[in-house]
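Okay, structure_39.pdb now, which holds PDB, C-alpha atoms:
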ATOM      1  CA  MET A   1       0.121  16.469 -19.599
ATOM      2  CA  ILE A   2      -0.369  17.155 -15.852
ATOM      3  CA  GLY A   3      -0.251  20.940 -15.943
ATOM      4  CA  ARG A   4       1.736  23.945 -16.985
ATOM      5  CA  ARG A   5       5.340  23.547 -15.893
ATOM      6  CA  ARG A   6       6.915  26.724 -14.597
ATOM      7  CA  THR A   7      10.025  26.042 -16.663
ATOM      8  CA  ARG A   8       8.252  25.638 -19.975
ATOM      9  CA  ALA A   9       9.546  27.903 -22.724
ATOM     10  CA  ALA A  10       7.117  30.473 -24.151
ATOM     11  CA  GLU A  11       7.024  33.217 -26.728
ATOM     12  CA  PRO A  12       8.064  36.582 -25.210
ATOM     13  CA  ALA A  13       4.592  38.125 -25.431
ATOM     14  CA  THR A  14       3.008  34.968 -23.977
ATOM     15  CA  ALA A  15       5.548  34.845 -21.156
ATOM     16  CA  VAL A  16       4.770  38.447 -20.203
ATOM     17  CA  ALA A  17       1.047  37.677 -20.181
ATOM     18  CA  ILE A  18       1.561  34.618 -17.987
ATOM     19  CA  VAL A  19       3.671  36.583 -15.482
ATOM     20  CA  ALA A  20       1.043  39.350 -15.378
ATOM     21  CA  GLU A  21      -1.738  36.806 -14.899
ATOM     22  CA  VAL A  22       0.048  35.056 -12.042
ATOM     23  CA  GLY A  23       1.049  38.320 -10.378
ATOM     24  CA  SER A  24      -2.441  39.796 -10.428
ATOM     25  CA  ALA A  25      -3.952  36.520  -9.172
ATOM     26  CA  HIS A  26      -1.630  36.448  -6.180
ATOM     27  CA  THR A  27      -2.374  40.106  -5.477
ATOM     28  CA  ARG A  28      -6.139  39.520  -5.536
ATOM     29  CA  LEU A  29      -5.777  36.482  -3.274
ATOM     30  CA  ALA A  30      -3.713  38.455  -0.752
ATOM     31  CA  GLU A  31      -6.281  41.258  -0.773
ATOM     32  CA  TYR A  32      -9.090  38.754  -0.257
ATOM     33  CA  GLN A  33      -7.328  37.118   2.699
ATOM     34  CA  GLN A  34      -6.726  40.505   4.295
ATOM     35  CA  ALA A  35     -10.345  41.569   3.816
ATOM     36  CA  ALA A  36     -11.703  38.251   5.102
ATOM     37  CA  HIS A  37      -9.498  38.177   8.207
ATOM     38  CA  GLY A  38     -11.687  37.906  11.283
ATOM     39  CA  ALA A  39     -14.827  37.088   9.324
ATOM     40  CA  TYR A  40     -14.418  33.340   9.878
ATOM     41  CA  ALA A  41     -13.539  31.180  12.859
ATOM     42  CA  THR A  42      -9.833  31.102  13.693
ATOM     43  CA  ALA A  43      -9.703  27.362  12.985
ATOM     44  CA  THR A  44     -11.251  27.914   9.542
ATOM     45  CA  GLU A  45      -8.718  30.596   8.633
ATOM     46  CA  GLU A  46      -5.853  28.429   9.894
ATOM     47  CA  ALA A  47      -7.094  25.446   7.856
ATOM     48  CA  PHE A  48      -7.227  27.634   4.730
ATOM     49  CA  ARG A  49      -3.656  28.850   5.275
ATOM     50  CA  SER A  50      -2.382  25.347   6.065
ATOM     51  CA  ASP A  51      -4.114  23.699   3.098
ATOM     52  CA  SER A  52      -2.995  26.464   0.728
ATOM     53  CA  ALA A  53       0.605  26.068   1.906
ATOM     54  CA  MET A  54       0.355  22.289   1.500
ATOM     55  CA  PHE A  55      -0.840  22.568  -2.106
ATOM     56  CA  SER A  56       1.661  25.312  -2.986
ATOM     57  CA  GLY A  57       4.526  23.344  -1.471
ATOM     58  CA  TRP A  58       3.561  20.194  -3.367
ATOM     59  CA  CYS A  59       3.310  22.138  -6.642
ATOM     60  CA  SER A  60       6.689  23.760  -6.010
ATOM     61  CA  SER A  61       8.374  20.387  -5.464
ATOM     62  CA  ALA A  62       6.758  19.077  -8.671
ATOM     63  CA  GLY A  63       7.659  22.180 -10.714
ATOM     64  CA  LEU A  64       4.011  23.076 -11.332
ATOM     65  CA  ASP A  65       1.994  26.285 -10.959
ATOM     66  CA  ALA A  66      -0.243  26.438  -7.890
ATOM     67  CA  LEU A  67      -2.078  29.639  -8.858
ATOM     68  CA  PRO A  68      -3.535  29.456 -11.360
ATOM     69  CA  ALA A  69      -3.323  25.664 -11.353
ATOM     70  CA  ALA A  70      -4.246  23.436 -14.265
ATOM     71  CA  PRO A  71      -6.953  20.764 -13.769
ATOM     72  CA  GLY A  72      -4.313  18.094 -14.368
ATOM     73  CA  THR A  73      -2.230  19.526 -11.540
ATOM     74  CA  VAL A  74      -5.151  19.187  -9.137
ATOM     75  CA  ALA A  75      -5.769  15.628 -10.376
ATOM     76  CA  ALA A  76      -2.116  14.695  -9.796
ATOM     77  CA  PHE A  77      -2.242  16.277  -6.334
ATOM     78  CA  ILE A  78      -5.327  14.228  -5.447
ATOM     79  CA  GLU A  79      -3.626  11.027  -6.565
ATOM     80  CA  ALA A  80      -0.460  11.856  -4.608
ATOM     81  CA  MET A  81      -2.404  12.686  -1.443
ATOM     82  CA  SER A  82      -4.368   9.435  -1.773
ATOM     83  CA  GLU A  83      -1.254   7.558  -0.676
ATOM     84  CA  THR A  84      -1.310   9.002   2.836
ATOM     85  CA  ARG A  85      -4.468  11.049   3.418
ATOM     86  CA  LYS A  86      -8.051  10.156   4.245
ATOM     87  CA  PRO A  87     -10.783  10.954   1.708
ATOM     88  CA  ALA A  88     -12.305  13.628   3.937
ATOM     89  CA  THR A  89      -8.951  15.394   4.239
ATOM     90  CA  ILE A  90      -8.380  15.313   0.471
ATOM     91  CA  ARG A  91     -11.851  16.719  -0.187
ATOM     92  CA  ARG A  92     -11.051  19.558   2.210
ATOM     93  CA  TYR A  93      -7.830  20.250   0.302
ATOM     94  CA  VAL A  94      -9.762  20.399  -2.970
ATOM     95  CA  SER A  95     -12.315  22.744  -1.414
ATOM     96  CA  THR A  96      -9.488  25.044  -0.320
ATOM     97  CA  ILE A  97      -7.901  24.965  -3.797
ATOM     98  CA  SER A  98     -11.271  25.863  -5.304
ATOM     99  CA  HIS A  99     -11.703  28.708  -2.809
ATOM    100  CA  MET A 100      -8.184  29.975  -3.593
ATOM    101  CA  HIS A 101      -8.926  30.290  -7.282
ATOM    102  CA  LYS A 102     -12.331  31.903  -6.812
ATOM    103  CA  ALA A 103     -10.829  34.453  -4.412
ATOM    104  CA  ALA A 104      -8.013  35.190  -6.877
ATOM    105  CA  GLY A 105     -10.463  35.700  -9.738
ATOM    106  CA  VAL A 106      -9.004  32.995 -11.978
ATOM    107  CA  PRO A 107     -10.620  29.889 -13.544
ATOM    108  CA  ASN A 108     -11.346  27.189 -10.975
ATOM    109  CA  PRO A 109      -9.495  23.966 -11.963
ATOM    110  CA  CYS A 110     -11.526  21.938  -9.461
ATOM    111  CA  ALA A 111     -14.644  22.480 -11.590
ATOM    112  CA  ASP A 112     -13.000  20.790 -14.580
ATOM    113  CA  PRO A 113     -13.955  17.155 -15.324
ATOM    114  CA  VAL A 114     -10.278  16.101 -15.096
ATOM    115  CA  ALA A 115     -10.140  17.097 -11.413
ATOM    116  CA  LYS A 116     -13.664  15.831 -10.710
ATOM    117  CA  PHE A 117     -12.855  12.400 -12.172
ATOM    118  CA  ALA A 118      -9.709  12.173 -10.022
ATOM    119  CA  LEU A 119     -11.766  12.955  -6.926
ATOM    120  CA  ARG A 120     -14.337  10.340  -7.910
ATOM    121  CA  ARG A 121     -11.623   7.705  -8.460
ATOM    122  CA  MET A 122     -10.187   8.529  -5.056
ATOM    123  CA  GLY A 123     -13.606   8.076  -3.461
ATOM    124  CA  LYS A 124     -14.044   4.635  -5.049
ATOM    125  CA  VAL A 125     -10.550   3.362  -4.260
ATOM    126  CA  LEU A 126     -10.135   4.617  -0.696
ATOM    127  CA  THR A 127     -12.203   3.663   2.301
ATOM    128  CA  VAL A 128     -12.615   5.593   5.519
ATOM    129  CA  ARG A 129      -9.766   3.547   6.980
ATOM    130  CA  GLN A 130      -7.141   4.093   4.334
ATOM    131  CA  ARG A 131      -4.832   1.439   3.020
ATOM    132  CA  GLN A 132      -1.355   1.670   4.448
ATOM    133  CA  ALA A 133       1.958   1.031   2.735
ATOM    134  CA  LYS A 134       3.790  -2.109   3.814
ATOM    135  CA  GLY A 135       6.434  -1.145   6.329
ATOM    136  CA  ILE A 136      10.020  -1.965   5.368
ATOM    137  CA  ASN A 137      11.315  -2.928   8.789
ATOM    138  CA  ARG A 138      14.953  -3.770   9.489
ATOM    139  CA  SER A 139      14.672  -7.453   8.627
ATOM    140  CA  LEU A 140      13.071  -6.723   5.239
ATOM    141  CA  LEU A 141      15.545  -3.928   4.594
ATOM    142  CA  ASP A 142      18.517  -6.217   5.205
ATOM    143  CA  ARG A 143      17.078  -8.771   2.773
ATOM    144  CA  MET A 144      16.628  -6.083   0.143
ATOM    145  CA  LEU A 145      20.157  -4.753   0.627
ATOM    146  CA  GLY A 146      21.571  -8.260   0.375
ATOM    147  CA  ALA A 147      19.849  -8.941  -2.945
ATOM    148  CA  THR A 148      21.555  -6.089  -4.830
ATOM    149  CA  GLY A 149      24.553  -6.270  -7.153
ATOM    150  CA  THR A 150      27.715  -4.266  -7.714
ATOM    151  CA  THR A 151      26.762  -1.698 -10.358
ATOM    152  CA  PRO A 152      26.583   2.043  -9.604
ATOM    153  CA  ARG A 153      22.797   1.770  -9.793
ATOM    154  CA  ASP A 154      22.843  -0.972  -7.147
ATOM    155  CA  MET A 155      25.056   1.213  -4.963
ATOM    156  CA  ARG A 156      22.659   4.116  -5.356
ATOM    157  CA  ASN A 157      19.684   1.929  -4.499
ATOM    158  CA  ARG A 158      21.363   0.616  -1.346
ATOM    159  CA  ALA A 159      22.245   4.137  -0.236
ATOM    160  CA  LEU A 160      18.746   5.433  -1.012
ATOM    161  CA  LEU A 161      17.050   2.653   0.950
ATOM    162  CA  ALA A 162      19.363   3.005   3.948
ATOM    163  CA  VAL A 163      19.066   6.796   4.081
ATOM    164  CA  ALA A 164      15.273   6.582   3.755
ATOM    165  CA  TYR A 165      15.128   4.193   6.730
ATOM    166  CA  ASP A 166      17.483   6.120   9.023
ATOM    167  CA  THR A 167      15.965   9.526   8.303
ATOM    168  CA  LEU A 168      12.298   8.482   7.919
ATOM    169  CA  ALA A 169      12.305  11.013   5.072
ATOM    170  CA  ARG A 170       9.397  11.380   2.678
ATOM    171  CA  ARG A 171       9.891  10.685  -1.032
ATOM    172  CA  SER A 172       9.880  14.382  -1.874
ATOM    173  CA  GLU A 173      12.508  15.027   0.799
ATOM    174  CA  LEU A 174      14.809  12.221  -0.336
ATOM    175  CA  VAL A 175      15.025  13.399  -3.938
ATOM    176  CA  THR A 176      15.877  16.975  -2.962
ATOM    177  CA  LEU A 177      18.825  16.033  -0.729
ATOM    178  CA  GLN A 178      22.091  17.623  -1.826
ATOM    179  CA  LEU A 179      25.585  16.228  -1.425
ATOM    180  CA  GLY A 180      26.455  19.354   0.535
ATOM    181  CA  ASP A 181      23.715  18.478   3.044
ATOM    182  CA  LEU A 182      25.704  15.419   4.168
ATOM    183  CA  GLN A 183      27.915  15.682   7.249
ATOM    184  CA  VAL A 184      30.184  12.850   8.469
ATOM    185  CA  ASP A 185      31.827  12.812  11.890
ATOM    186  CA  GLU A 186      35.264  11.352  12.607
ATOM    187  CA  ASP A 187      33.730   8.283  14.279
ATOM    188  CA  GLY A 188      31.720   7.415  11.138
ATOM    189  CA  HIS A 189      28.324   8.636  12.312
ATOM    190  CA  GLY A 190      26.663  11.180  10.075
ATOM    191  CA  SER A 191      23.675  13.388   9.445
ATOM    192  CA  VAL A 192      21.852  14.901   6.515
ATOM    193  CA  LEU A 193      19.931  18.165   6.386
ATOM    194  CA  ILE A 194      16.393  18.104   5.047
ATOM    195  CA  ARG A 195      16.015  21.707   3.991
ATOM    196  CA  ARG A 196      12.271  21.802   3.454
ATOM    197  CA  SER A 197       9.315  19.508   3.945
ATOM    198  CA  LYS A 198       5.536  19.757   3.843
ATOM    199  CA  THR A 199       5.501  20.404   7.603
ATOM    200  CA  ASP A 200       8.330  22.950   7.378
ATOM    201  CA  GLN A 201       7.073  25.527   4.908
ATOM    202  CA  LEU A 202       9.406  28.198   6.315
ATOM    203  CA  GLY A 203      12.431  26.141   5.312
ATOM    204  CA  GLU A 204      14.057  26.045   8.737
ATOM    205  CA  GLY A 205      15.454  22.597   7.957
ATOM    206  CA  SER A 206      15.771  19.394   9.956
ATOM    207  CA  ALA A 207      18.987  17.438  10.597
ATOM    208  CA  ARG A 208      18.437  13.655  10.528
ATOM    209  CA  TYR A 209      20.801  10.992  11.858
ATOM    210  CA  LEU A 210      22.691   8.503   9.667
ATOM    211  CA  ALA A 211      24.251   5.377  11.180
ATOM    212  CA  PRO A 212      27.840   4.436  10.212
ATOM    213  CA  ASP A 213      26.693   1.569   7.967
ATOM    214  CA  THR A 214      24.392   3.946   6.097
ATOM    215  CA  VAL A 215      27.183   6.522   5.778
ATOM    216  CA  GLN A 216      29.393   3.844   4.247
ATOM    217  CA  LEU A 217      26.747   2.963   1.659
ATOM    218  CA  VAL A 218      26.351   6.641   0.756
ATOM    219  CA  GLN A 219      30.100   7.075   0.380
ATOM    220  CA  GLU A 220      30.343   3.985  -1.858
ATOM    221  CA  TRP A 221      27.642   5.426  -4.110
ATOM    222  CA  THR A 222      29.072   8.940  -4.308
ATOM    223  CA  ALA A 223      32.550   7.558  -5.044
ATOM    224  CA  ALA A 224      31.263   5.247  -7.787
ATOM    225  CA  ALA A 225      29.270   8.114  -9.350
ATOM    226  CA  ALA A 226      32.143  10.596  -8.877
ATOM    227  CA  LEU A 227      29.786  13.103  -7.271
ATOM    228  CA  ALA A 228      31.278  16.345  -5.987
ATOM    229  CA  ASP A 229      28.139  18.432  -5.447
ATOM    230  CA  GLY A 230      24.506  18.727  -6.477
ATOM    231  CA  PRO A 231      21.708  16.173  -5.935
ATOM    232  CA  LEU A 232      22.668  13.197  -3.796
ATOM    233  CA  PHE A 233      20.407  10.639  -5.482
ATOM    234  CA  ARG A 234      20.474  10.680  -9.278
ATOM    235  CA  ALA A 235      19.296   8.682 -12.242
ATOM    236  CA  THR A 236      21.723   6.143 -13.667
ATOM    237  CA  ARG A 237      21.666   4.963 -17.267
ATOM    238  CA  TRP A 238      22.268   1.463 -18.571
ATOM    239  CA  ASN A 239      25.900   2.302 -19.348
ATOM    240  CA  GLY A 240      26.557   3.616 -15.825
ATOM    241  CA  ALA A 241      26.343   7.303 -16.759
ATOM    242  CA  VAL A 242      24.854   9.486 -14.041
ATOM    243  CA  GLY A 243      22.009  11.873 -14.860
ATOM    244  CA  GLY A 244      19.881  14.362 -12.948
ATOM    245  CA  ALA A 245      18.042  14.039  -9.663
ATOM    246  CA  LEU A 246      15.533  11.248  -9.147
ATOM    247  CA  SER A 247      11.845  12.134  -9.048
ATOM    248  CA  ALA A 248       9.611  11.340  -6.086
ATOM    249  CA  ASP A 249       7.866   8.639  -8.145
ATOM    250  CA  ASP A 250      11.200   6.905  -8.748
ATOM    251  CA  VAL A 251      11.581   6.125  -5.045
ATOM    252  CA  GLY A 252       8.634   3.751  -4.853
ATOM    253  CA  ARG A 253       9.606   2.031  -8.105
ATOM    254  CA  ILE A 254      13.138   1.457  -6.830
ATOM    255  CA  PHE A 255      11.922   0.010  -3.529
ATOM    256  CA  LYS A 256       9.492  -2.325  -5.323
ATOM    257  CA  ALA A 257      12.236  -3.530  -7.675
ATOM    258  CA  MET A 258      14.553  -4.193  -4.741
ATOM    259  CA  ALA A 259      11.817  -6.103  -2.923
ATOM    260  CA  ALA A 260      11.151  -8.227  -6.012
ATOM    261  CA  ALA A 261      14.882  -8.944  -6.400
ATOM    262  CA  ALA A 262      14.943 -10.078  -2.762
ATOM    263  CA  LYS A 263      12.166 -12.546  -3.674
ATOM    264  CA  LEU A 264       9.692 -11.125  -1.203
ATOM    265  CA  PRO A 265       6.136 -12.452  -1.697
ATOM    266  CA  PRO A 266       4.310 -10.722  -4.582
ATOM    267  CA  LYS A 267       1.627  -9.448  -2.179
ATOM    268  CA  VAL A 268       4.321  -7.721  -0.093
ATOM    269  CA  VAL A 269       5.954  -6.229  -3.192
ATOM    270  CA  ARG A 270       2.613  -4.753  -4.305
ATOM    271  CA  GLN A 271       2.130  -3.106  -0.904
ATOM    272  CA  ILE A 272       5.528  -1.412  -0.873
ATOM    273  CA  SER A 273       5.675   2.280  -1.726
ATOM    274  CA  GLY A 274       7.985   5.242  -1.365
ATOM    275  CA  HIS A 275       6.684   5.666   2.204
ATOM    276  CA  SER A 276       7.435   2.087   3.282
ATOM    277  CA  THR A 277      10.730   2.907   4.991
ATOM    278  CA  ARG A 278       9.013   5.687   6.936
ATOM    279  CA  VAL A 279       6.361   3.235   8.117
ATOM    280  CA  GLY A 280       8.854   0.458   8.877
ATOM    281  CA  ALA A 281      11.282   2.645  10.809
ATOM    282  CA  ALA A 282       8.436   4.030  12.933
ATOM    283  CA  GLN A 283       7.251   0.495  13.655
ATOM    284  CA  ASP A 284      10.776  -0.624  14.585
ATOM    285  CA  MET A 285      11.142   2.355  16.929
ATOM    286  CA  ASP A 286       7.833   1.532  18.556
ATOM    287  CA  ALA A 287       8.871  -2.109  18.998
ATOM    288  CA  ALA A 288      12.108  -0.898  20.624
ATOM    289  CA  ASP A 289      10.023   1.078  23.164
ATOM    290  CA  ILE A 290      11.166   4.442  21.844
ATOM    291  CA  GLY A 291       8.586   6.937  23.046
ATOM    292  CA  MET A 292       6.137   8.832  20.890
ATOM    293  CA  ALA A 293       8.090  12.078  21.256
ATOM    294  CA  GLY A 294      11.264  10.431  19.954
ATOM    295  CA  ILE A 295       9.492   8.852  16.983
ATOM    296  CA  MET A 296       7.781  12.128  16.079
ATOM    297  CA  ALA A 297      11.091  13.992  16.230
ATOM    298  CA  ALA A 298      12.823  11.358  14.088
ATOM    299  CA  GLY A 299      10.176  11.529  11.372
ATOM    300  CA  GLY A 300       9.295  15.208  11.509
ATOM    301  CA  TRP A 301       5.677  14.605  12.558
ATOM    302  CA  LYS A 302       3.866  17.509  14.216
ATOM    303  CA  THR A 303       1.067  15.372  15.690
ATOM    304  CA  PRO A 304       0.970  11.737  16.908
ATOM    305  CA  ALA A 305      -1.974  10.740  14.685
ATOM    306  CA  MET A 306       0.024   9.293  11.776
ATOM    307  CA  VAL A 307       2.538   7.562  14.036
ATOM    308  CA  GLY A 308      -0.357   5.997  15.883
ATOM    309  CA  ARG A 309      -1.780   4.729  12.601
ATOM    310  CA  TYR A 310       1.546   3.246  11.542
ATOM    311  CA  THR A 311       1.982   1.427  14.851
ATOM    312  CA  SER A 312      -1.646   0.537  15.610
ATOM    313  CA  GLN A 313      -1.220  -3.159  14.789
ATOM    314  CA  GLN A 314       1.727  -3.469  17.163
ATOM    315  CA  ALA A 315      -0.208  -1.635  19.861
ATOM    316  CA  THR A 316      -2.697  -4.510  20.001
ATOM    317  CA  ARG A 317       0.108  -6.731  21.319
ATOM    318  CA  ARG A 318       0.393  -4.436  24.345
ATOM    319  CA  SER A 319      -3.340  -4.150  24.974
ATOM    320  CA  GLY A 320      -5.156  -5.381  28.066
ATOM    321  CA  ALA A 321      -6.498  -8.351  26.093
ATOM    322  CA  ALA A 322      -2.984  -9.370  25.051
ATOM    323  CA  LYS A 323      -1.690  -9.104  28.626
ATOM    324  CA  LEU A 324      -4.654 -11.132  29.893
ATOM    325  CA  ALA A 325      -4.002 -13.870  27.319
ATOM    326  CA  GLU A 326      -0.364 -13.976  28.461
ATOM    327  CA  LYS A 327      -1.332 -14.318  32.153
ATOM    328  CA  GLN A 328      -3.805 -17.065  31.248
ATOM    329  CA  GLY A 329      -1.115 -18.964  29.354
ATOM    330  CA  ARG A 330      -2.843 -18.522  25.988
ATOM    331  CA  ALA A 331      -0.175 -16.354  24.354
ATOM    332  CA  GLY A 332       2.113 -19.164  23.244
TER
END

Reformat the file's structure so that it appears as structure tokens.
Amino acid sequence: MIGRRRTRAAEPATAVAIVAEVGSAHTRLAEYQQAAHGAYATATEEAFRSDSAMFSGWCSSAGLDALPAAPGTVAAFIEAMSETRKPATIRRYVSTISHMHKAAGVPNPCADPVAKFALRRMGKVLTVRQRQAKGINRSLLDRMLGATGTTPRDMRNRALLAVAYDTLARRSELVTLQLGDLQVDEDGHGSVLIRRSKTDQLGEGSARYLAPDTVQLVQEWTAAAALADGPLFRATRWNGAVGGALSADDVGRIFKAMAAAAKLPPKVVRQISGHSTRVGAAQDMDAADIGMAGIMAAGGWKTPAMVGRYTSQQATRRSGAAKLAEKQGRAG
């Protein structure tokens, strides 16, 4: 079990105790932050607030308690962050989580062996230059779309893949999309509202573009599933029955299955994850000479660092060495 789910049923007396525990912990943490204000460098205080919001937002999307957090929750957070973050960044997150719990006067989950083992696994698996998900660019995406069938599940998968590519949405953002967030214009173009993301903790929302072909795939899925409201992307059973919303982990599994069905090389299939459309769309935008500002706006990035990492391989083709090779007739 990862950690205590906030929706778990409890005996009345136990439930009251849990609520009291959580309430007093949050109160002590707020008092600590107020008392400590100005005692540390501004950058240190900002990092603490940012990291705390990151962890709390992740726990909220997973339905888990952030304060007090269970050791398994911290372990799951470490594993999730390992997909996109550098080891040094993850260790800073864990340090902040530990500090949060000490300041709130509750048991520190980071001191538990479960969390420590997860951190050690992360350190052994990741290098300073972190592995990157294989980008699903437009050519791979079209192959994956073309390899699907005609069942409602196939329709859902096509819509999910297309929406993920057009919006550059993260896994957690895709699975929280609601049917009511979809807007379609008379000319067939559309948009979808991402209500909250890890870089939008205030919930201001971000409207993302959907091309007409993507809108059509979404409409085919919603018609086949007879959806009127609620989650846009849902589980489908073997008999075609539609269930609840997909989980973030489902996204990567679906993309891998689609890649395997398209007979992509096994090495490529292994490298695909729930972030692959985000990587591939950014790479396609870069190849189309769309500027950094446009790519950042499309994907909801606040800084150019991650975009630069996604497109670093392509950047070598525009380097001085590449241009010299072309002028010398060595570029083919």

Protein, DNA and RNA residues within 8 Å of (6.9, 8.5, -3.1), all atoms listed in the file, as a PyMOL selection string: chain A and resi 170-172+248-252+273-275

Pairwise distance for CA of Leu160 in chain A and CA of Leu174 in chain A, rounded to one decimal in Å: 7.9 Å

Atomic separation - CA of Ala223 in chain A relative to CA of Ala211 in chain A, Å: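 Interatomic distance, CA of Ala211 in chain A to CA of Ala223 in chain A: 18.4 Å.
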
Coordinates-based distance that separates CA of Ala159 in chain A from CA of Val218 in chain A (Å, one decimal):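 Answer for the CA of Val218 in chain A to CA of Ala159 in chain A separation: 4.9 Å.
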
Using only C-alpha atoms: which of A:Ala115, A:Leu246, A:Val307, A:Ala241 has the shortest distance to Leu177 in chain A: A:Leu246

Near Thr176 in chain A, counting all atoms listed in the file, which residues have an atom at most 12 Å away, once you skip same-chain residues fewer than 3 positions from it, shown as a PDB file with C-alpha atoms, keeping the file's coordinate frame?
ATOM      1  CA  SER A  60       6.689  23.760  -6.010  1.00  0.00           C
ATOM      2  CA  SER A  61       8.374  20.387  -5.464  1.00  0.00           C
ATOM      3  CA  ALA A  62       6.758  19.077  -8.671  1.00  0.00           C
ATOM      4  CA  ALA A 169      12.305  11.013   5.072  1.00  0.00           C
ATOM      5  CA  ARG A 170       9.397  11.380   2.678  1.00  0.00           C
ATOM      6  CA  ARG A 171       9.891  10.685  -1.032  1.00  0.00           C
ATOM      7  CA  SER A 172       9.880  14.382  -1.874  1.00  0.00           C
ATOM      8  CA  GLU A 173      12.508  15.027   0.799  1.00  0.00           C
ATOM      9  CA  LEU A 179      25.585  16.228  -1.425  1.00  0.00           C
ATOM     10  CA  GLY A 180      26.455  19.354   0.535  1.00  0.00           C
ATOM     11  CA  ASP A 181      23.715  18.478   3.044  1.00  0.00           C
ATOM     12  CA  VAL A 192      21.852  14.901   6.515  1.00  0.00           C
ATOM     13  CA  LEU A 193      19.931  18.165   6.386  1.00  0.00           C
ATOM     14  CA  ILE A 194      16.393  18.104   5.047  1.00  0.00           C
ATOM     15  CA  ARG A 195      16.015  21.707   3.991  1.00  0.00           C
ATOM     16  CA  ARG A 196      12.271  21.802   3.454  1.00  0.00           C
ATOM     17  CA  SER A 197       9.315  19.508   3.945  1.00  0.00           C
ATOM     18  CA  GLY A 230      24.506  18.727  -6.477  1.00  0.00           C
ATOM     19  CA  PRO A 231      21.708  16.173  -5.935  1.00  0.00           C
ATOM     20  CA  LEU A 232      22.668  13.197  -3.796  1.00  0.00           C
ATOM     21  CA  PHE A 233      20.407  10.639  -5.482  1.00  0.00           C
ATOM     22  CA  ARG A 234      20.474  10.680  -9.278  1.00  0.00           C
ATOM     23  CA  GLY A 244      19.881  14.362 -12.948  1.00  0.00           C
ATOM     24  CA  ALA A 245      18.042  14.039  -9.663  1.00  0.00           C
ATOM     25  CA  LEU A 246      15.533  11.248  -9.147  1.00  0.00           C
ATOM     26  CA  SER A 247      11.845  12.134  -9.048  1.00  0.00           C
ATOM     27  CA  ALA A 248       9.611  11.340  -6.086  1.00  0.00           C
ATOM     28  CA  VAL A 251      11.581   6.125  -5.045  1.00  0.00           C
TER      29      VAL A 251
END

Pick from A:Ala225, A:Met292, A:Asp187, A:Arg143, whichever lies nearest to Leu210 in chain A using only C-alpha atoms: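 For Leu210 in chain A, the nearest of the candidates is A:Asp187.
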
Residue nearest Ile254 in chain A among A:Leu145, A:Met285, A:Met306, A:Leu182 (counting all atoms listed in the file):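 Among the listed residues, A:Leu145 lies closest to Ile254 in chain A.
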
Residue IDs satisfying the PyMOL selection byres ((chain A and resi 133) around 12), as JSON, numbers by chain: {"A": [82, 83, 84, 85, 130, 131, 132, 134, 135, 136, 137, 252, 255, 256, 267, 268, 269, 270, 271, 272, 273, 274, 275, 276, 277, 278, 279, 280, 309, 310]}

Selected residue of minimal separation from Gly240 in chain A among A:Thr150, A:Cys110, A:Thr303, A:Val175, counting all atoms listed in the file: A:Thr150

Of the listed residues A:Pro71, A:Ser312, A:Glu79, A:Met100, that which approaches Ala53 in chain A most closely, counting only C-alpha atoms: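 That would be A:Met100, the residue with the smallest distance to Ala53 in chain A.
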
Picked residues, the PyMOL selection byres ((chain A and resi 97) around 12), expected as an MDAnalysis selection string: chainID A and resid 29 47:56 59 66:71 73:75 77:78 90:96 98:104 106:111 115

How big is the axis-aligned box, and where does its centre sit, when it encloses all atoms of range 283-288 of chain A listed in the file and has 3 Å added on every side, reported in Å to one decimal as AutoDock Vina command-line options?
--center_x 9.7 --center_y 0.1 --center_z 17.1 --size_x 10.9 --size_y 10.5 --size_z 13.0

Extract, using only C-alpha atoms, all DNA, RNA and protein residues at most 6 Å from Thr236 in chain A, discarding same-chain residues fewer than 6 positions from it, and format them as an mmCIF file with C-alpha atoms, in the coordinates of the input.
data_model
loop_
_atom_site.group_PDB
_atom_site.id
_atom_site.type_symbol
_atom_site.label_atom_id
_atom_site.label_comp_id
_atom_site.auth_asym_id
_atom_site.auth_seq_id
_atom_site.Cartn_x
_atom_site.Cartn_y
_atom_site.Cartn_z
ATOM 1 C CA ARG A 153 22.797 1.770 -9.793
ATOM 2 C CA VAL A 242 24.854 9.486 -14.041
ATOM 3 C CA GLY A 243 22.009 11.873 -14.860
#

Near-Met144 in chain A list (9 Å; all atoms listed in the file; drop same-chain fewer than 4 positions) as a ChimeraX atom specification: /A:139-140,148,158,161,255,258-264

Can you write just those residues out, C-alpha atoms, as a short mmCIF file (atom, residue, chain, number, x, y, z; two decimals), in the frame of the given file?
data_model
loop_
_atom_site.label_atom_id
_atom_site.label_comp_id
_atom_site.auth_asym_id
_atom_site.auth_seq_id
_atom_site.Cartn_x
_atom_site.Cartn_y
_atom_site.Cartn_z
CA SER A 139 14.67 -7.45 8.63
CA LEU A 140 13.07 -6.72 5.24
CA THR A 148 21.56 -6.09 -4.83
CA ARG A 158 21.36 0.62 -1.35
CA LEU A 161 17.05 2.65 0.95
CA PHE A 255 11.92 0.01 -3.53
CA MET A 258 14.55 -4.19 -4.74
CA ALA A 259 11.82 -6.10 -2.92
CA ALA A 260 11.15 -8.23 -6.01
CA ALA A 261 14.88 -8.94 -6.40
CA ALA A 262 14.94 -10.08 -2.76
CA LYS A 263 12.17 -12.55 -3.67
CA LEU A 264 9.69 -11.12 -1.20
#

Contacts of Pro304 in chain A at 10 Å (all atoms listed in the file; same-chain gap of 6+ positions) as an MDAnalysis selection string: chainID A and resid 292:293 295:296

Residues matched by the PyMOL selection byres ((chain A and resi 214) around 12), written as JSON, numbers by chain: {"A": [141, 142, 145, 155, 156, 157, 158, 159, 160, 161, 162, 163, 164, 165, 166, 167, 182, 184, 188, 189, 190, 191, 192, 209, 210, 211, 212, 213, 215, 216, 217, 218, 219, 220, 221]}
